[in-house]
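Source file: protein.txt; contents: compact mmCIF, C-alpha atoms.
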# COMPACT_ATOMS: atom_id res chain seq x y z
CA MET A 2 -64.50 21.38 24.16
CA ALA A 3 -66.02 24.37 22.31
CA SER A 4 -63.65 27.26 21.74
CA SER A 5 -66.14 29.68 23.33
CA VAL A 6 -66.05 27.66 26.55
CA LEU A 7 -62.23 27.66 26.54
CA HIS A 8 -62.21 31.40 25.88
CA THR A 9 -64.61 32.06 28.76
CA ALA A 10 -62.52 29.92 31.11
CA ALA A 11 -59.30 31.69 30.03
CA LEU A 12 -60.90 35.09 30.68
CA ALA A 13 -62.08 33.98 34.13
CA ASN A 14 -58.59 32.72 35.01
CA ALA A 15 -57.00 35.93 33.72
CA LEU A 16 -59.39 38.08 35.76
CA ALA A 17 -58.60 36.03 38.87
CA ALA A 18 -54.87 36.57 38.30
CA ALA A 19 -55.40 40.29 37.69
CA SER A 20 -57.27 40.55 41.00
CA ARG A 21 -54.04 39.40 42.64
CA GLN A 22 -52.08 42.20 40.94
CA LEU A 23 -50.61 40.01 38.19
CA ALA A 24 -50.73 41.84 34.85
CA VAL A 25 -52.15 39.61 32.10
CA ILE A 26 -52.66 39.31 28.34
CA PRO A 27 -54.66 36.76 26.28
CA LEU A 28 -52.72 33.97 24.57
CA SER A 29 -53.55 31.81 21.57
CA ARG A 30 -53.06 28.04 21.50
CA THR A 31 -49.52 28.69 20.25
CA LYS A 32 -48.70 30.43 23.57
CA LEU A 33 -48.16 33.69 21.66
CA PRO A 34 -50.06 36.93 22.37
CA ALA A 35 -53.53 36.51 20.87
CA VAL A 36 -54.31 40.13 19.96
CA ARG A 37 -52.88 40.82 16.53
CA SER A 38 -50.52 43.75 16.09
CA PRO A 39 -52.19 46.90 14.73
CA HIS A 40 -48.97 47.55 12.79
CA ARG A 41 -48.88 44.27 10.84
CA GLY A 42 -48.32 44.98 7.20
CA ASP A 43 -47.13 48.55 7.82
CA SER A 44 -44.36 49.66 5.49
CA PRO A 45 -41.86 50.59 6.71
CA PRO A 46 -42.31 48.43 9.84
CA VAL A 47 -43.42 50.39 12.90
CA ARG A 48 -41.61 49.82 16.19
CA CYS A 49 -44.23 50.54 18.83
CA VAL A 50 -44.75 49.25 22.37
CA GLY A 51 -48.21 50.70 22.83
CA ALA A 52 -47.64 54.44 22.44
CA CYS A 53 -50.22 54.45 19.62
CA GLY A 54 -52.95 53.65 22.14
CA ARG A 55 -54.24 50.56 20.29
CA LEU A 56 -54.24 46.96 21.41
CA GLY A 57 -51.90 44.34 20.00
CA HIS A 58 -48.46 45.06 21.47
CA GLY A 59 -47.92 41.72 23.17
CA VAL A 60 -46.73 41.83 26.75
CA HIS A 61 -46.80 45.64 26.64
CA ASP A 62 -50.62 45.36 26.78
CA ALA A 63 -50.47 43.50 30.10
CA THR A 64 -52.84 44.95 32.68
CA THR A 65 -54.49 44.29 36.04
CA ASP A 66 -57.52 46.46 35.24
CA PRO A 67 -60.59 44.19 34.84
CA ALA A 68 -62.20 46.34 32.14
CA ALA A 69 -58.95 46.40 30.15
CA VAL A 70 -58.55 42.62 30.54
CA ARG A 71 -62.09 42.12 29.18
CA ALA A 72 -61.32 44.43 26.24
CA LEU A 73 -58.19 42.44 25.39
CA PHE A 74 -60.08 39.15 25.42
CA ALA A 75 -62.94 40.66 23.40
CA ALA A 76 -60.36 41.59 20.74
CA ALA A 77 -59.16 37.96 20.60
CA PRO A 78 -62.14 35.60 20.89
CA TRP A 79 -59.85 32.72 19.84
CA ALA A 80 -57.71 33.08 22.99
CA THR A 81 -57.61 29.92 25.11
CA GLY A 82 -55.05 31.00 27.66
CA TYR A 83 -53.40 33.96 29.30
CA GLY A 84 -49.91 35.19 29.93
CA ILE A 85 -48.60 36.79 33.12
CA ALA A 86 -46.13 39.61 32.59
CA CYS A 87 -42.83 39.31 34.46
CA GLY A 88 -40.80 42.04 36.13
CA LEU A 89 -43.72 44.33 37.02
CA ALA A 90 -44.65 45.72 40.45
CA PRO A 91 -45.75 44.65 42.98
CA HIS A 92 -44.52 41.06 42.47
CA HIS A 93 -41.50 41.73 40.17
CA LEU A 94 -42.05 38.18 38.94
CA ILE A 95 -39.17 36.06 37.64
CA GLY A 96 -39.97 32.75 35.99
CA LEU A 97 -37.71 29.70 35.77
CA ASP A 98 -38.94 27.59 32.83
CA LEU A 99 -37.58 24.08 33.41
CA ASP A 100 -37.82 21.83 30.34
CA VAL A 101 -37.65 18.05 30.58
CA LYS A 102 -37.78 17.00 26.94
CA HIS A 103 -35.52 16.56 23.91
CA GLY A 104 -32.84 15.11 26.17
CA LEU A 105 -32.91 18.08 28.55
CA ASP A 106 -33.69 18.01 32.26
CA GLY A 107 -34.06 21.54 33.56
CA VAL A 108 -35.07 20.33 37.01
CA ALA A 109 -31.82 18.39 37.42
CA ALA A 110 -29.85 21.29 35.91
CA LEU A 111 -31.32 23.72 38.47
CA THR A 112 -30.50 21.32 41.30
CA ALA A 113 -26.90 21.08 40.06
CA LEU A 114 -26.72 24.88 39.69
CA ALA A 115 -27.95 25.35 43.26
CA ARG A 116 -25.36 22.89 44.57
CA GLU A 117 -22.54 24.52 42.61
CA HIS A 118 -23.36 28.10 43.64
CA GLY A 119 -24.54 27.46 47.17
CA PHE A 120 -28.20 28.41 47.20
CA ALA A 121 -31.37 26.48 48.03
CA VAL A 122 -34.18 26.18 45.48
CA PRO A 123 -37.12 27.70 47.39
CA ASP A 124 -40.56 26.17 47.77
CA THR A 125 -42.65 28.52 45.64
CA VAL A 126 -45.54 28.81 43.20
CA THR A 127 -45.09 26.00 40.65
CA VAL A 128 -46.98 25.50 37.39
CA LEU A 129 -46.81 22.14 35.60
CA THR A 130 -46.43 22.29 31.80
CA PRO A 131 -48.00 19.86 29.29
CA SER A 132 -44.58 18.46 28.33
CA GLY A 133 -43.76 17.42 31.90
CA GLY A 134 -41.68 20.47 32.78
CA ARG A 135 -42.49 23.17 35.28
CA HIS A 136 -42.43 26.90 35.82
CA LEU A 137 -41.12 28.19 39.15
CA TRP A 138 -42.25 31.69 40.14
CA LEU A 139 -39.85 33.84 42.15
CA ALA A 140 -40.16 37.39 43.46
CA GLY A 141 -37.46 39.83 42.35
CA HIS A 142 -36.57 43.31 43.56
CA ALA A 143 -37.81 46.71 42.44
CA GLY A 144 -34.31 47.97 41.67
CA THR A 145 -33.05 44.95 39.73
CA THR A 146 -34.01 44.06 36.16
CA VAL A 147 -33.76 40.39 35.20
CA PRO A 148 -33.77 39.98 31.40
CA ASN A 149 -35.20 37.09 29.39
CA SER A 150 -32.85 34.39 28.20
CA VAL A 151 -34.98 33.61 25.10
CA GLY A 152 -33.32 34.86 21.94
CA ARG A 153 -30.06 35.63 23.75
CA PRO A 154 -27.54 32.85 23.02
CA GLY A 155 -25.55 31.92 26.11
CA ALA A 156 -27.92 33.73 28.50
CA ALA A 157 -29.58 30.61 29.94
CA PRO A 158 -27.92 29.62 33.25
CA GLY A 159 -28.10 25.90 32.47
CA PRO A 160 -29.36 23.32 29.95
CA GLY A 161 -33.15 23.12 29.97
CA ILE A 162 -33.50 26.34 31.99
CA ASP A 163 -35.05 29.42 30.37
CA ILE A 164 -35.52 32.68 32.24
CA ARG A 165 -38.66 34.78 31.94
CA GLY A 166 -37.84 38.27 33.14
CA HIS A 167 -38.70 41.88 32.34
CA GLY A 168 -40.44 42.11 28.98
CA GLY A 169 -41.40 38.44 29.04
CA TYR A 170 -44.34 36.44 30.31
CA LEU A 171 -45.31 33.08 31.77
CA VAL A 172 -48.24 30.97 30.58
CA GLY A 173 -50.81 31.18 33.36
CA PRO A 174 -52.19 28.07 35.09
CA GLY A 175 -55.43 26.85 33.53
CA SER A 176 -54.37 27.93 30.04
CA ILE A 177 -55.07 25.55 27.15
CA THR A 178 -52.45 25.35 24.39
CA SER A 179 -51.94 23.09 21.39
CA ALA A 180 -49.70 20.95 23.63
CA GLY A 181 -52.22 20.69 26.49
CA ARG A 182 -53.17 22.40 29.74
CA TYR A 183 -50.95 24.28 32.20
CA LEU A 184 -51.83 23.36 35.79
CA LEU A 185 -50.95 24.72 39.20
CA ASP A 186 -49.07 22.02 41.13
CA SER A 187 -51.41 20.70 43.83
CA ARG A 188 -48.56 21.00 46.36
CA SER A 189 -47.71 24.54 45.31
CA PRO A 190 -47.87 27.31 47.91
CA GLY A 191 -49.89 30.37 46.98
CA LEU A 192 -48.77 33.93 46.36
CA PRO A 193 -46.60 35.75 47.15
CA ALA A 194 -43.87 33.88 45.30
CA ALA A 195 -40.74 33.08 47.28
CA PRO A 196 -37.94 35.66 47.03
CA VAL A 197 -35.24 34.85 44.51
CA PRO A 198 -32.09 33.66 46.31
CA ALA A 199 -29.37 36.34 46.17
CA ARG A 200 -26.79 34.02 44.56
CA LEU A 201 -29.26 32.90 41.91
CA LEU A 202 -30.20 36.52 41.21
CA ARG A 203 -26.54 37.28 40.57
CA LEU A 204 -26.42 34.50 37.98
CA LEU A 205 -29.60 35.73 36.28
CA THR A 206 -28.28 39.27 35.87
CA LEU A 207 -24.83 38.38 34.55
CA PRO A 208 -24.30 39.34 30.88
CA PRO A 209 -24.07 36.26 28.64
CA PRO A 210 -20.55 35.25 27.64
CA ALA A 211 -19.30 36.60 24.32
CA LEU A 212 -19.72 33.95 21.66
CA PRO A 213 -17.14 33.56 18.92
CA ARG A 214 -18.24 35.23 15.70
CA ARG A 215 -18.73 32.70 12.96
CA PRO A 216 -19.29 33.55 9.31
CA VAL A 217 -22.85 32.99 8.13
CA PRO A 218 -22.90 30.36 5.37
CA ARG A 219 -24.07 31.71 2.03
CA HIS A 220 -27.00 29.32 1.85
CA SER A 221 -28.14 30.54 5.30
CA LEU A 222 -28.43 34.10 4.02
CA ALA A 223 -31.25 32.83 1.81
CA LEU A 224 -33.17 31.93 4.97
CA VAL A 225 -32.74 35.46 6.29
CA ARG A 226 -34.01 36.91 2.99
CA PHE A 227 -36.91 34.45 3.02
CA VAL A 228 -38.00 35.80 6.42
CA ARG A 229 -37.32 39.45 5.58
CA ASP A 230 -39.54 39.20 2.48
CA SER A 231 -42.43 37.52 4.31
CA PRO A 232 -45.87 38.72 3.17
CA ARG A 233 -48.48 39.81 5.67
CA GLY A 234 -50.11 36.84 7.35
CA ARG A 235 -47.15 34.51 6.81
CA ARG A 236 -44.37 36.17 8.77
CA ASN A 237 -44.51 33.90 11.81
CA SER A 238 -44.87 30.67 9.81
CA ARG A 239 -41.96 31.65 7.53
CA LEU A 240 -39.79 32.54 10.51
CA TYR A 241 -40.56 29.23 12.22
CA TRP A 242 -39.79 27.24 9.06
CA ALA A 243 -36.52 29.09 8.45
CA ALA A 244 -35.44 28.76 12.09
CA CYS A 245 -36.14 25.01 12.06
CA ARG A 246 -34.02 24.62 8.91
CA ALA A 247 -31.23 26.68 10.50
CA TYR A 248 -31.16 24.59 13.69
CA GLU A 249 -31.33 21.35 11.73
CA SER A 250 -28.25 22.42 9.75
CA GLY A 251 -26.35 23.42 12.90
CA SER A 252 -26.42 27.17 12.22
CA GLY A 253 -29.38 28.04 14.45
CA ASP A 254 -27.45 29.92 17.13
CA THR A 255 -25.43 31.72 14.46
CA LEU A 256 -28.53 32.85 12.58
CA ALA A 257 -30.91 33.51 15.49
CA ALA A 258 -30.21 37.24 15.81
CA ALA A 259 -30.28 37.79 12.03
CA LEU A 260 -33.58 35.92 11.72
CA ILE A 261 -35.13 37.95 14.54
CA ASP A 262 -33.96 41.19 12.89
CA ALA A 263 -35.34 40.03 9.53
CA ALA A 264 -38.70 39.19 11.11
CA THR A 265 -38.97 42.57 12.83
CA ARG A 266 -38.13 44.28 9.53
CA ALA A 267 -41.03 42.33 8.04
CA GLY A 268 -43.28 43.70 10.79
CA LEU A 269 -43.31 40.93 13.41
CA PRO A 270 -42.99 42.14 17.03
CA ARG A 271 -39.51 41.34 18.38
CA GLN A 272 -40.88 39.47 21.42
CA GLU A 273 -43.01 37.27 19.16
CA ALA A 274 -40.05 36.65 16.85
CA ALA A 275 -37.80 35.64 19.76
CA ALA A 276 -40.47 33.26 21.07
CA THR A 277 -40.79 31.65 17.62
CA ILE A 278 -37.01 31.16 17.40
CA ALA A 279 -37.01 29.52 20.84
CA SER A 280 -39.87 27.22 19.79
CA ALA A 281 -37.96 26.18 16.66
CA ALA A 282 -34.83 25.50 18.70
CA ARG A 283 -36.77 23.20 21.04
CA GLN A 284 -38.43 21.43 18.11
CA ALA A 285 -35.11 20.78 16.36
CA ALA A 286 -33.32 19.59 19.52
CA PRO A 287 -32.31 15.89 19.37

What does this structure look like when you write it as C-alpha cells?
Amino acid sequence: MASSVLHTAALANALAAASRQLAVIPLSRTKLPAVRSPHRGDSPPVRCVGACGRLGHGVHDATTDPAAVRALFAAAPWATGYGIACGLAPHHLIGLDLDVKHGLDGVAALTALAREHGFAVPDTVTVLTPSGGRHLWLAGHAGTTVPNSVGRPGAAPGPGIDIRGHGGYLVGPGSITSAGRYLLDSRSPGLPAAPVPARLLRLLTLPPPALPRRPVPRHSLALVRFVRDSPRGRRNSRLYWAACRAYESGSGDTLAAALIDAATRAGLPRQEAAATIASAARQAAP
C-alpha cells in the first residue's frame, strides 16, 4: 500500500481519536514519534518539552485540536500511525501492554496478579497488537499519577506486563507499524475506558524495589561511550545496537540507565531513548 494512503488513513484515525478527547501524535513505522526533534544535533544537548514552541517533542506535542493534529502530520508525511497520550484529562488513560512473545505471557501474568491481589480484570477498550498481545485501556484519577514502567527496572508489575502512564503513549488502533497493524478488538466496548481497580492502581503507583548495585563491567563502559559519542542521524540506531549487545551479554538491566543518560547527552529525547531500550530488551529476550 502506498505510503501516502497509509499516512492519510493514520491522520483520519488520529482525528477521530482527537474528537473523542484523546490527545494524539503521529508515529513512524518504528512506533516512535514521527516528528523529528528540533533540537537534534544541538551542542550542548537541549532538554526541552515544548517550551520552545516548535514541533518535535514526542508525547509533549500530543493534542486534541484538529488543526494542531493536521500540522503534526504535515510535519511528518512518513507517519503511518498515531500515539495516544496517557495520563491526560479527561480520560486519565492508563495502558496495560500485555506481551505474549519471547516466552512471556502478559495475559496470564495479569490474570495471576488479579487472583493474588483480589481484583477483577475489567471488560474495557482492548487493542490487539501485531505480535498477538493486547493493550487494555483503563481510566485513572485526576489526582493520581501512574508512571511508565519502560526504562525503570523492577517497575513492571509482572512478566510481560508494561505500564503506559503519564508521559507515555499507546499505539492507536488502525496504526501500521513495521510489525503489522494494531486493531481494535471486535468484542471491545467503546469509550469511556473502565475505571482502574483500586487494588491494581495501588500496585501501579508503588515505587519499584531497590535493585542491588552491580559494578559495570569495563567492556560495557565502551557501549556507553559509543552511544554518548553518536553523530547526528545515528543516535537511535547506535543506542539500539548497544542495548542489544548489553542485553545479550546479561548486563542490559545494569546498563539501561547509563545508556539512556548517554543517549540524552547525545541529543536523543529521553522518552525515545527509553522506548529504544525497551525494544532492545524485547528483541534480546530468549

Top pick for closest residue to Arg55 of chain A, considering A:His40, A:His8, A:His92, A:Arg135 and counting only C-alpha atoms: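 Looking only at the distances to Arg55 of chain A, the closest residue turns out to be A:His40.
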
Local residues around (-32.7, 37.1, 12.7), at most 10 Å away, using all atoms listed in the file, as a PyMOL selection string: chain A and resi 152+224-226+228-229+240+243-244+253-266+271+274-275+278

Atom pair atom CA of Leu139 of chain A / atom CA of Ala156 of chain A: separation (Å): 18.1 Å

Counting all atoms listed in the file, the option among A:Val6, A:Pro39, A:Val172, A:Leu111 closest to Gly54 of chain A: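 The answer is A:Pro39, which sits nearest to Gly54 of chain A.
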
Contacts of Ala199 of chain A at 9 Å (all atoms listed in the file; same-chain gap of 4+ positions) as a list of chain:residue names: A:Phe120, A:Arg203, A:Leu204

Length of the atom CA of Arg236 of chain A to atom CA of Ala72 of chain A vector [Å]: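 Here the two named atoms are 25.7 Å from each other.
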
Shortest interatomic distance to Ser231 of chain A - which of A:Ala267, A:Val197, A:Ala247, A:Leu192, counting all atoms listed in the file: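 Closest to Ser231 of chain A of all the choices is A:Ala267.
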
Nearby residues, (-57.9, 47.4, 29.9) file frame, 12 Å, all atoms listed in the file, as number ranges by chain: A: 16, 19, 24-27, 54-57, 61-76

Distance criterion (all atoms listed in the file): nearest to Ile177 of chain A out of A:Gly251, A:Gly82, A:Gly88, A:Gly59: A:Gly82

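The nearest approach to Leu12 of chain A among the residues A:Trp138, A:Gly168, A:Gly159, A:Gly173, with all atoms listed in the file taken into account, belongs to A:Gly173.
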
Atom CA of Ala157 of chain A to atom CA of Ala11 of chain A, straight-line distance in Å: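 Atom CA of Ala11 of chain A sits 29.7 Å away from atom CA of Ala157 of chain A.
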
Closest pair table for segment 125-223 of chain A residues within 9 Å of segment 95-104 of chain A, all atoms listed in the file, as a Markdown table:
| residue | atom | partner | partner_atom | distance |
| --- | --- | --- | --- | --- |
| A:Thr130 | CA | A:Asp100 | CA | 8.7 |
| A:Ser132 | CA | A:Lys102 | CA | 7.1 |
| A:Gly133 | CA | A:Val101 | CA | 6.3 |
| A:Gly134 | CA | A:Asp100 | CA | 4.8 |
| A:Arg135 | CA | A:Leu99 | CA | 5.3 |
| A:His136 | CA | A:Asp98 | CA | 4.6 |
| A:Leu137 | CA | A:Leu97 | CA | 5.0 |
| A:Trp138 | CA | A:Gly96 | CA | 4.9 |
| A:Leu139 | CA | A:Ile95 | CA | 5.1 |
| A:Ala140 | CA | A:Ile95 | CA | 6.1 |
| A:Gly141 | CA | A:Ile95 | CA | 6.3 |
| A:Val147 | CA | A:Ile95 | CA | 7.3 |
| A:Pro160 | CA | A:Asp100 | CA | 8.6 |
| A:Gly161 | CA | A:Asp100 | CA | 4.9 |
| A:Ile162 | CA | A:Leu99 | CA | 4.9 |
| A:Asp163 | CA | A:Asp98 | CA | 5.0 |
| A:Ile164 | CA | A:Leu97 | CA | 5.1 |
| A:Arg165 | CA | A:Gly96 | CA | 4.7 |
| A:Gly166 | CA | A:Ile95 | CA | 5.2 |
| A:His167 | CA | A:Ile95 | CA | 7.9 |
| A:Tyr170 | CA | A:Gly96 | CA | 8.1 |
| A:Leu171 | CA | A:Gly96 | CA | 6.8 |
| A:Val197 | CA | A:Ile95 | CA | 8.0 |

Nearest candidate to Leu89 of chain A (options A:Gly181, A:Gly175, A:Gly169, A:Pro232; using only C-alpha atoms): A:Gly169
